[in-house]
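Colleague: Structure: my_file_1.cif, mmCIF, C-alpha atoms and all ligand atoms; chains and numbers go by the auth columns.
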```
data_upload
loop_
_atom_site.group_PDB
_atom_site.id
_atom_site.type_symbol
_atom_site.label_atom_id
_atom_site.label_comp_id
_atom_site.label_asym_id
_atom_site.label_seq_id
_atom_site.Cartn_x
_atom_site.Cartn_y
_atom_site.Cartn_z
_atom_site.B_iso_or_equiv
_atom_site.auth_seq_id
_atom_site.auth_asym_id
ATOM 1 C CA MET A 1 74.981 178.213 132.547 0.00 1182 A
ATOM 2 C CA ILE A 2 76.384 174.731 132.022 0.00 1183 A
ATOM 3 C CA GLU A 3 77.591 172.894 135.135 0.00 1184 A
ATOM 4 C CA GLN A 4 81.289 172.150 134.700 0.00 1185 A
ATOM 5 C CA GLU A 5 81.051 169.602 137.488 0.00 1186 A
ATOM 6 C CA ILE A 6 78.626 167.487 135.433 0.00 1187 A
ATOM 7 C CA ILE A 7 80.943 167.487 132.436 0.00 1188 A
ATOM 8 C CA GLU A 8 83.844 166.421 134.652 0.00 1189 A
ATOM 9 C CA ARG A 9 81.758 163.662 136.213 0.00 1190 A
ATOM 10 C CA PHE A 10 81.266 162.215 132.731 0.00 1191 A
ATOM 11 C CA THR A 11 84.735 162.765 131.321 0.00 1192 A
ATOM 12 C CA LYS A 12 86.433 161.296 134.405 0.00 1193 A
ATOM 13 C CA SER A 13 84.225 158.191 134.532 0.00 1194 A
ATOM 14 C CA ASP A 14 85.554 154.687 133.868 0.00 1195 A
ATOM 15 C CA PHE A 15 82.861 154.202 131.209 0.00 1196 A
ATOM 16 C CA TRP A 16 84.130 157.268 129.352 0.00 1197 A
ATOM 17 C CA SER A 17 87.742 156.124 129.342 0.00 1198 A
ATOM 18 C CA PHE A 18 86.828 152.509 128.561 0.00 1199 A
ATOM 19 C CA PHE A 19 85.311 153.651 125.250 0.00 1200 A
ATOM 20 C CA GLY A 20 87.827 156.422 124.644 0.00 1201 A
ATOM 21 C CA PHE A 21 85.291 159.221 124.223 0.00 1202 A
ATOM 22 C CA GLU A 22 86.588 162.758 123.675 0.00 1203 A
ATOM 23 C CA TYR A 23 84.703 165.826 124.941 0.00 1204 A
ATOM 24 C CA VAL A 24 84.059 168.489 122.282 0.00 1205 A
ATOM 25 C CA ARG A 25 81.486 170.858 123.828 0.00 1206 A
ATOM 26 C CA CYS A 26 78.343 171.044 125.908 0.00 1207 A
ATOM 27 C CA THR A 27 76.176 174.138 125.669 0.00 1208 A
ATOM 28 C CA ARG A 28 72.494 174.497 126.559 0.00 1209 A
ATOM 29 C CA GLU A 29 71.745 173.794 122.913 0.00 1210 A
ATOM 30 C CA GLU A 30 73.810 170.673 122.293 0.00 1211 A
ATOM 31 C CA ALA A 31 76.333 168.188 123.605 0.00 1212 A
ATOM 32 C CA VAL A 32 79.020 166.965 121.224 0.00 1213 A
ATOM 33 C CA ILE A 33 81.432 164.117 121.871 0.00 1214 A
ATOM 34 C CA ARG A 34 83.758 162.113 119.608 0.00 1215 A
ATOM 35 C CA LEU A 35 84.992 158.564 119.490 0.00 1216 A
ATOM 36 C CA PRO A 36 88.182 157.862 117.525 0.00 1217 A
ATOM 37 C CA PHE A 37 88.224 154.484 115.805 0.00 1218 A
ATOM 38 C CA ARG A 38 90.007 151.493 117.252 0.00 1219 A
ATOM 39 C CA LYS A 39 89.514 147.916 116.130 0.00 1220 A
ATOM 40 C CA GLN A 40 88.092 146.745 119.487 0.00 1221 A
ATOM 41 C CA LEU A 41 84.908 148.737 118.674 0.00 1222 A
ATOM 42 C CA ASN A 42 84.193 146.602 115.605 0.00 1223 A
ATOM 43 C CA ASN A 43 81.622 143.845 115.274 0.00 1224 A
ATOM 44 C CA THR A 44 82.363 140.634 113.353 0.00 1225 A
ATOM 45 C CA GLN A 45 81.565 142.457 110.078 0.00 1226 A
ATOM 46 C CA GLN A 46 84.442 144.844 110.777 0.00 1227 A
ATOM 47 C CA THR A 47 82.135 147.829 111.168 0.00 1228 A
ATOM 48 C CA VAL A 48 81.631 149.708 114.453 0.00 1229 A
ATOM 49 C CA HIS A 49 79.117 147.801 116.604 0.00 1230 A
ATOM 50 C CA GLY A 50 75.595 149.239 116.849 0.00 1231 A
ATOM 51 C CA GLY A 51 75.809 149.100 120.616 0.00 1232 A
ATOM 52 C CA VAL A 52 78.772 151.448 120.417 0.00 1233 A
ATOM 53 C CA TYR A 53 76.644 153.852 118.373 0.00 1234 A
ATOM 54 C CA MET A 54 73.994 153.779 121.103 0.00 1235 A
ATOM 55 C CA SER A 55 76.548 154.098 123.893 0.00 1236 A
ATOM 56 C CA ILE A 56 78.082 157.307 122.584 0.00 1237 A
ATOM 57 C CA MET A 57 74.652 158.803 121.870 0.00 1238 A
ATOM 58 C CA ASP A 58 73.219 157.855 125.272 0.00 1239 A
ATOM 59 C CA THR A 59 76.284 159.410 126.882 0.00 1240 A
ATOM 60 C CA ALA A 60 75.956 162.683 124.946 0.00 1241 A
ATOM 61 C CA MET A 61 72.239 162.892 125.716 0.00 1242 A
ATOM 62 C CA GLY A 62 72.695 162.065 129.405 0.00 1243 A
ATOM 63 C CA MET A 63 75.380 164.732 129.718 0.00 1244 A
ATOM 64 C CA LEU A 64 73.133 167.326 128.099 0.00 1245 A
ATOM 65 C CA VAL A 65 70.083 166.591 130.275 0.00 1246 A
ATOM 66 C CA LEU A 66 72.108 166.787 133.493 0.00 1247 A
ATOM 67 C CA ALA A 67 74.116 169.815 132.373 0.00 1248 A
ATOM 68 C CA ARG A 68 70.845 171.663 131.707 0.00 1249 A
ATOM 69 C CA GLY A 69 69.933 171.330 135.356 0.00 1250 A
ATOM 70 C CA ALA A 70 68.263 167.999 136.045 0.00 1251 A
ATOM 71 C CA ASN A 71 69.390 166.602 139.393 0.00 1252 A
ATOM 72 C CA ASP A 72 68.946 163.067 138.192 0.00 1253 A
ATOM 73 C CA ALA A 73 68.171 161.514 134.822 0.00 1254 A
ATOM 74 C CA THR A 74 67.844 158.097 133.267 0.00 1255 A
ATOM 75 C CA THR A 75 67.096 156.898 129.759 0.00 1256 A
ATOM 76 C CA ILE A 76 63.672 155.264 129.493 0.00 1257 A
ATOM 77 C CA GLN A 77 63.393 154.994 125.717 0.00 1258 A
ATOM 78 C CA MET A 78 65.807 155.330 122.796 0.00 1259 A
ATOM 79 C CA VAL A 79 65.282 154.648 119.087 0.00 1260 A
ATOM 80 C CA SER A 80 68.258 154.169 116.824 0.00 1261 A
ATOM 81 C CA ASN A 81 68.016 154.513 113.068 0.00 1262 A
ATOM 82 C CA PHE A 82 71.247 153.007 111.745 0.00 1263 A
ATOM 83 C CA LEU A 83 71.862 154.768 108.437 0.00 1264 A
ATOM 84 C CA ARG A 84 75.423 153.931 107.509 0.00 1265 A
ATOM 85 C CA PRO A 85 78.208 151.688 108.836 0.00 1266 A
ATOM 86 C CA ALA A 86 81.279 153.304 110.391 0.00 1267 A
ATOM 87 C CA ILE A 87 84.341 151.706 108.841 0.00 1268 A
ATOM 88 C CA GLU A 88 87.586 152.568 110.592 0.00 1269 A
ATOM 89 C CA GLU A 89 86.421 156.129 111.192 0.00 1270 A
ATOM 90 C CA THR A 90 85.858 158.567 114.030 0.00 1271 A
ATOM 91 C CA ILE A 91 82.247 158.940 115.208 0.00 1272 A
ATOM 92 C CA ILE A 92 80.871 162.319 116.293 0.00 1273 A
ATOM 93 C CA ALA A 93 77.690 162.426 118.428 0.00 1274 A
ATOM 94 C CA LYS A 94 75.482 165.546 118.600 0.00 1275 A
ATOM 95 C CA ALA A 95 72.588 165.585 121.056 0.00 1276 A
ATOM 96 C CA SER A 96 69.943 168.277 121.504 0.00 1277 A
ATOM 97 C CA VAL A 97 66.710 168.741 123.433 0.00 1278 A
ATOM 98 C CA ILE A 98 63.409 168.855 121.590 0.00 1279 A
ATOM 99 C CA LYS A 99 61.249 169.470 124.669 0.00 1280 A
ATOM 100 C CA GLU A 100 61.725 169.504 128.431 0.00 1281 A
ATOM 101 C CA MET A 101 58.617 168.510 130.350 0.00 1282 A
ATOM 102 C CA ARG A 102 57.922 168.287 134.085 0.00 1283 A
ATOM 103 C CA SER A 103 59.412 164.821 134.549 0.00 1284 A
ATOM 104 C CA THR A 104 60.609 163.760 131.102 0.00 1285 A
ATOM 105 C CA SER A 105 62.782 165.261 128.373 0.00 1286 A
ATOM 106 C CA LEU A 106 62.548 164.425 124.682 0.00 1287 A
ATOM 107 C CA LEU A 107 65.879 164.502 122.864 0.00 1288 A
ATOM 108 C CA GLN A 108 67.170 163.980 119.375 0.00 1289 A
ATOM 109 C CA GLY A 109 70.630 163.152 118.188 0.00 1290 A
ATOM 110 C CA GLU A 110 72.744 162.395 115.182 0.00 1291 A
ATOM 111 C CA LEU A 111 75.976 160.517 114.663 0.00 1292 A
ATOM 112 C CA TYR A 112 78.328 161.681 111.924 0.00 1293 A
ATOM 113 C CA ASN A 113 81.669 160.639 110.509 0.00 1294 A
ATOM 114 C CA GLU A 114 84.373 163.246 109.974 0.00 1295 A
ATOM 115 C CA SER A 115 83.244 163.766 106.356 0.00 1296 A
ATOM 116 C CA GLY A 116 79.848 164.916 107.665 0.00 1297 A
ATOM 117 C CA ASP A 117 77.908 161.821 106.561 0.00 1298 A
ATOM 118 C CA MET A 118 75.082 160.970 108.972 0.00 1299 A
ATOM 119 C CA LEU A 119 75.642 157.497 110.429 0.00 1300 A
ATOM 120 C CA ALA A 120 72.577 157.297 112.672 0.00 1301 A
ATOM 121 C CA TYR A 121 69.584 159.304 113.864 0.00 1302 A
ATOM 122 C CA TYR A 122 68.071 159.080 117.352 0.00 1303 A
ATOM 123 C CA THR A 123 65.156 160.064 119.465 0.00 1304 A
ATOM 124 C CA ALA A 124 65.107 159.329 123.178 0.00 1305 A
ATOM 125 C CA THR A 125 63.127 160.012 126.310 0.00 1306 A
ATOM 126 C CA PHE A 126 64.821 160.672 129.640 0.00 1307 A
ATOM 127 C CA ARG A 127 63.051 160.504 132.983 0.00 1308 A
ATOM 128 C CA THR A 128 64.278 163.515 134.990 0.00 1309 A
ATOM 129 C CA LYS A 129 64.160 164.862 138.528 0.00 1310 A
ATOM 130 C CA LYS A 130 64.490 168.612 138.925 0.00 1311 A
HETATM 131 C C1 LIG B . 63.119 155.113 137.214 0.00 1 B
HETATM 132 C C2 LIG B . 62.298 154.268 136.256 0.00 1 B
HETATM 133 C C3 LIG B . 62.363 154.886 134.854 0.00 1 B
HETATM 134 C C4 LIG B . 60.833 154.300 136.701 0.00 1 B
HETATM 135 O O1 LIG B . 60.730 153.984 138.078 0.00 1 B
HETATM 136 P P1 LIG B . 59.889 152.749 138.619 0.00 1 B
HETATM 137 O O2 LIG B . 60.055 152.743 140.080 0.00 1 B
HETATM 138 O O3 LIG B . 60.226 151.558 137.832 0.00 1 B
HETATM 139 O O4 LIG B . 58.401 153.075 138.228 0.00 1 B
HETATM 140 P P2 LIG B . 57.380 154.113 138.795 0.00 1 B
HETATM 141 O O5 LIG B . 56.093 153.496 138.519 0.00 1 B
HETATM 142 O O6 LIG B . 57.672 154.615 140.172 0.00 1 B
HETATM 143 O O7 LIG B . 57.603 155.300 137.766 0.00 1 B
HETATM 144 C C5 LIG B . 57.945 156.615 138.137 0.00 1 B
HETATM 145 C C6 LIG B . 57.435 157.496 137.038 0.00 1 B
HETATM 146 O O8 LIG B . 58.060 157.142 135.779 0.00 1 B
HETATM 147 C C7 LIG B . 57.042 156.875 134.801 0.00 1 B
HETATM 148 N N1 LIG B . 57.546 155.822 133.929 0.00 1 B
HETATM 149 C C8 LIG B . 58.025 154.650 134.314 0.00 1 B
HETATM 150 N N2 LIG B . 58.445 153.948 133.222 0.00 1 B
HETATM 151 C C9 LIG B . 58.188 154.731 132.156 0.00 1 B
HETATM 152 C C10 LIG B . 58.415 154.587 130.758 0.00 1 B
HETATM 153 N N3 LIG B . 58.958 153.465 130.246 0.00 1 B
HETATM 154 N N4 LIG B . 58.076 155.598 129.951 0.00 1 B
HETATM 155 C C11 LIG B . 57.522 156.731 130.440 0.00 1 B
HETATM 156 N N5 LIG B . 57.298 156.941 131.763 0.00 1 B
HETATM 157 C C12 LIG B . 57.633 155.943 132.606 0.00 1 B
HETATM 158 C C13 LIG B . 55.825 156.457 135.592 0.00 1 B
HETATM 159 O O9 LIG B . 54.642 156.673 134.879 0.00 1 B
HETATM 160 C C14 LIG B . 55.930 157.370 136.807 0.00 1 B
HETATM 161 O O10 LIG B . 55.465 158.666 136.469 0.00 1 B
HETATM 162 P P3 LIG B . 54.858 159.675 137.588 0.00 1 B
HETATM 163 O O11 LIG B . 55.944 159.896 138.629 0.00 1 B
HETATM 164 O O12 LIG B . 53.662 158.998 138.151 0.00 1 B
HETATM 165 O O13 LIG B . 54.542 160.935 136.804 0.00 1 B
HETATM 166 C C15 LIG B . 62.766 152.802 136.261 0.00 1 B
HETATM 167 O O14 LIG B . 61.950 152.035 135.420 0.00 1 B
HETATM 168 C C16 LIG B . 64.199 152.641 135.833 0.00 1 B
HETATM 169 O O15 LIG B . 65.120 152.956 136.565 0.00 1 B
HETATM 170 N N6 LIG B . 64.436 152.080 134.603 0.00 1 B
HETATM 171 C C17 LIG B . 65.787 151.797 134.128 0.00 1 B
HETATM 172 C C18 LIG B . 66.386 152.999 133.428 0.00 1 B
HETATM 173 C C19 LIG B . 67.779 152.652 132.946 0.00 1 B
HETATM 174 O O16 LIG B . 68.446 151.804 133.467 0.00 1 B
HETATM 175 N N7 LIG B . 68.233 153.362 131.862 0.00 1 B
HETATM 176 C C20 LIG B . 69.532 153.114 131.319 0.00 1 B
HETATM 177 C C21 LIG B . 70.597 153.818 132.115 0.00 1 B
HETATM 178 S S1 LIG B . 70.663 155.574 131.701 0.00 1 B
HETATM 179 C C22 LIG B . 72.170 155.775 130.902 0.00 1 B
HETATM 180 O O17 LIG B . 72.976 154.900 130.928 0.00 1 B
HETATM 181 C C23 LIG B . 72.429 157.096 130.175 0.00 1 B
HETATM 182 C C24 LIG B . 72.728 158.148 131.147 0.00 1 B
HETATM 183 C C25 LIG B . 74.021 158.362 131.570 0.00 1 B
HETATM 184 C C26 LIG B . 74.285 159.310 132.520 0.00 1 B
HETATM 185 C C27 LIG B . 73.273 160.123 132.990 0.00 1 B
HETATM 186 C C28 LIG B . 71.975 159.937 132.536 0.00 1 B
HETATM 187 C C29 LIG B . 71.707 158.951 131.604 0.00 1 B
#
```
Would you mind writing the file out in C-alpha cells?
Ligand SMILES: CC(C)(COP(=O)(O)OP(=O)(O)OC[C@H]1O[C@@H](n2cnc3c(N)ncnc32)[C@H](O)[C@@H]1OP(=O)(O)O)[C@@H](O)C(=O)NCCC(=O)NCCSC(=O)Cc1ccccc1

Modeller:
Amino acid sequence: MIEQEIIERFTKSDFWSFFGFEYVRCTREEAVIRLPFRKQLNNTQQTVHGGVYMSIMDTAMGMLVLARGANDATTIQMVSNFLRPAIEETIIAKASVIKEMRSTSLLQGELYNESGDMLAYYTATFRTKK
C-alpha cells in the first residue's frame, strides 16, 4: 500500500512547485512524474538543462523509495546517460526499483518525451532507513 502522505509531502514541497512537476502515479512498481516545458528550464543551448533531467529523476526515485516504506532515504549515487536533448517538450520521468537491500536500494529510471523517445537512462543507489 502506497503512503498517500509521502506523495503529498513531495507534491506540496517548494522544490516541486519551483520546477513545476506534475504527479502522474506512484505504485509499488513505479513512480511517474511530468515536467511541462518552460523556457526557464533551458540551458544556453536552448535545450532543457541536464541538471533538470537529474532533478526530476531524483525526485521520482526518492518518492518511490519512501512510498515503498523507507522511513528515511537519501541519494548516494546516480548515473545519468543523456541520450537526447529535450527541445521545448514535456519530460516524463519513470522510476522503478531493481533491488531493495537492508540499507540501500538500487533503482533505475528513464526520461521520455511525449512521443515516447527516451531522453535519458539512470541508475541510482539510495541509502535507506527502515
Ligand atoms: C548519510 C550518508 C549517505 C552517509 O552517512 P555518513 O555519516 O557520511 O557516513 P557513515 O560512515 O556513517 O555511513 C553510514 C553508512 O552508509 C554507508 N555509506 C556511506 N557513504 C556511502 C556511499 N557513497 N555508497 C555506499 N554506502 C555508503 C557506510 O558504509 C555506512 O554503512 P553501514 O551503516 O556501516 O552499513 C551521508 O554521506 C550523506 O548524507 N550524504 C549526502 C546525501 C545527499 O545529500 N544526497 C542528495 C540529497 S537526496 C535527494 O535530494 C533526493 C531525495 C528526495 C527526497 C527523498 C529522498 C531522496

Colleague: Dump as a tab-separated table the rows for residues of chain A within 8 Å of ligand LIG 1 (chain B): closest atom pair and distance in Å with one decimal, only C-alpha atoms and all ligand atoms counted, ordered by chain and rising residue number.

Modeller:
```
residue	atom	partner	partner_atom	distance
A:Phe1191	CA	B:LIG1	C26	7.6
A:Ser1236	CA	B:LIG1	O17	7.9
A:Asp1239	CA	B:LIG1	C23	5.0
A:Thr1240	CA	B:LIG1	C25	5.3
A:Met1242	CA	B:LIG1	C29	7.1
A:Gly1243	CA	B:LIG1	C28	3.9
A:Met1244	CA	B:LIG1	C27	6.0
A:Val1246	CA	B:LIG1	C28	7.3
A:Leu1247	CA	B:LIG1	C27	6.8
A:Asp1253	CA	B:LIG1	C28	7.1
A:Ala1254	CA	B:LIG1	C28	4.7
A:Thr1255	CA	B:LIG1	S1	4.1
A:Thr1256	CA	B:LIG1	N7	4.3
A:Ile1257	CA	B:LIG1	N3	5.1
A:Gln1258	CA	B:LIG1	N3	6.5
A:Ser1284	CA	B:LIG1	O13	6.6
A:Thr1285	CA	B:LIG1	N5	7.6
A:Thr1306	CA	B:LIG1	N4	7.6
A:Phe1307	CA	B:LIG1	C29	7.4
A:Arg1308	CA	B:LIG1	C3	6.0
```

Colleague: With C-alpha atoms retained, write the just-selected residues as a compact mmCIF listing (two decimals), in the coordinates of the input.

Modeller:
```txt
# COMPACT_ATOMS: atom_id res chain seq x y z
CA PHE A 1191 81.27 162.22 132.73
CA SER A 1236 76.55 154.10 123.89
CA ASP A 1239 73.22 157.85 125.27
CA THR A 1240 76.28 159.41 126.88
CA MET A 1242 72.24 162.89 125.72
CA GLY A 1243 72.69 162.06 129.40
CA MET A 1244 75.38 164.73 129.72
CA VAL A 1246 70.08 166.59 130.28
CA LEU A 1247 72.11 166.79 133.49
CA ASP A 1253 68.95 163.07 138.19
CA ALA A 1254 68.17 161.51 134.82
CA THR A 1255 67.84 158.10 133.27
CA THR A 1256 67.10 156.90 129.76
CA ILE A 1257 63.67 155.26 129.49
CA GLN A 1258 63.39 154.99 125.72
CA SER A 1284 59.41 164.82 134.55
CA THR A 1285 60.61 163.76 131.10
CA THR A 1306 63.13 160.01 126.31
CA PHE A 1307 64.82 160.67 129.64
CA ARG A 1308 63.05 160.50 132.98
```

Colleague: How many Å lie between CA of Asn1252 (chain A) and CA of Met1282 (chain A), rounded to one decimal?

Modeller: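 Computing it gives 14.2 Å between the two atoms.
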
Colleague: Might you spell out which residues the PyMOL selection byres (((chain A and resi 1274) around 7) and not hetatm) would select in the displayed file, as number ranges by chain?

Modeller: A: 1213-1215, 1237-1238, 1241, 1272-1273, 1275-1276, 1291-1293

Colleague: How far is it from CA of Ser1261 (chain A) to CA of Tyr1234 (chain A), in Å with one decimal?

Modeller: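 Interatomic distance here is 8.5 Å.
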
Colleague: Name the residues, using the chain letters and numbers of the file, that sit within 9 Å of (85.7, 149.4, 120.3) when counting all atoms listed in the file, and give them as a PDB file with C-alpha atoms, in the coordinates of the input.

Modeller:
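Generated output (result_32.pdb):
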```
ATOM      1  CA  PHE A1199      86.828 152.509 128.561  1.00  0.00           C
ATOM      2  CA  PHE A1200      85.311 153.651 125.250  1.00  0.00           C
ATOM      3  CA  GLY A1201      87.827 156.422 124.644  1.00  0.00           C
ATOM      4  CA  PHE A1218      88.224 154.484 115.805  1.00  0.00           C
ATOM      5  CA  ARG A1219      90.007 151.493 117.252  1.00  0.00           C
ATOM      6  CA  LYS A1220      89.514 147.916 116.130  1.00  0.00           C
ATOM      7  CA  GLN A1221      88.092 146.745 119.487  1.00  0.00           C
ATOM      8  CA  LEU A1222      84.908 148.737 118.674  1.00  0.00           C
ATOM      9  CA  ASN A1223      84.193 146.602 115.605  1.00  0.00           C
ATOM     10  CA  ASN A1224      81.622 143.845 115.274  1.00  0.00           C
ATOM     11  CA  VAL A1229      81.631 149.708 114.453  1.00  0.00           C
ATOM     12  CA  HIS A1230      79.117 147.801 116.604  1.00  0.00           C
ATOM     13  CA  VAL A1233      78.772 151.448 120.417  1.00  0.00           C
TER      14      VAL A1233
END
```

Colleague: My list of candidates is A:Ser1277, A:Gln1185, A:Thr1192, A:Thr1271. Which is closest to Glu1210 (chain A) when distances are computed with all atoms listed in the file?

Modeller: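 The closest residue to Glu1210 (chain A) is A:Ser1277.
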
Colleague: Counting only C-alpha atoms, which of A:Ala1248, A:Gln1226, A:Lys1311, A:Phe1196 gets nearest to Arg1283 (chain A)?

Modeller: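 Nearest candidate to Arg1283 (chain A) out of A:Ala1248, A:Gln1226, A:Lys1311, A:Phe1196: A:Lys1311.
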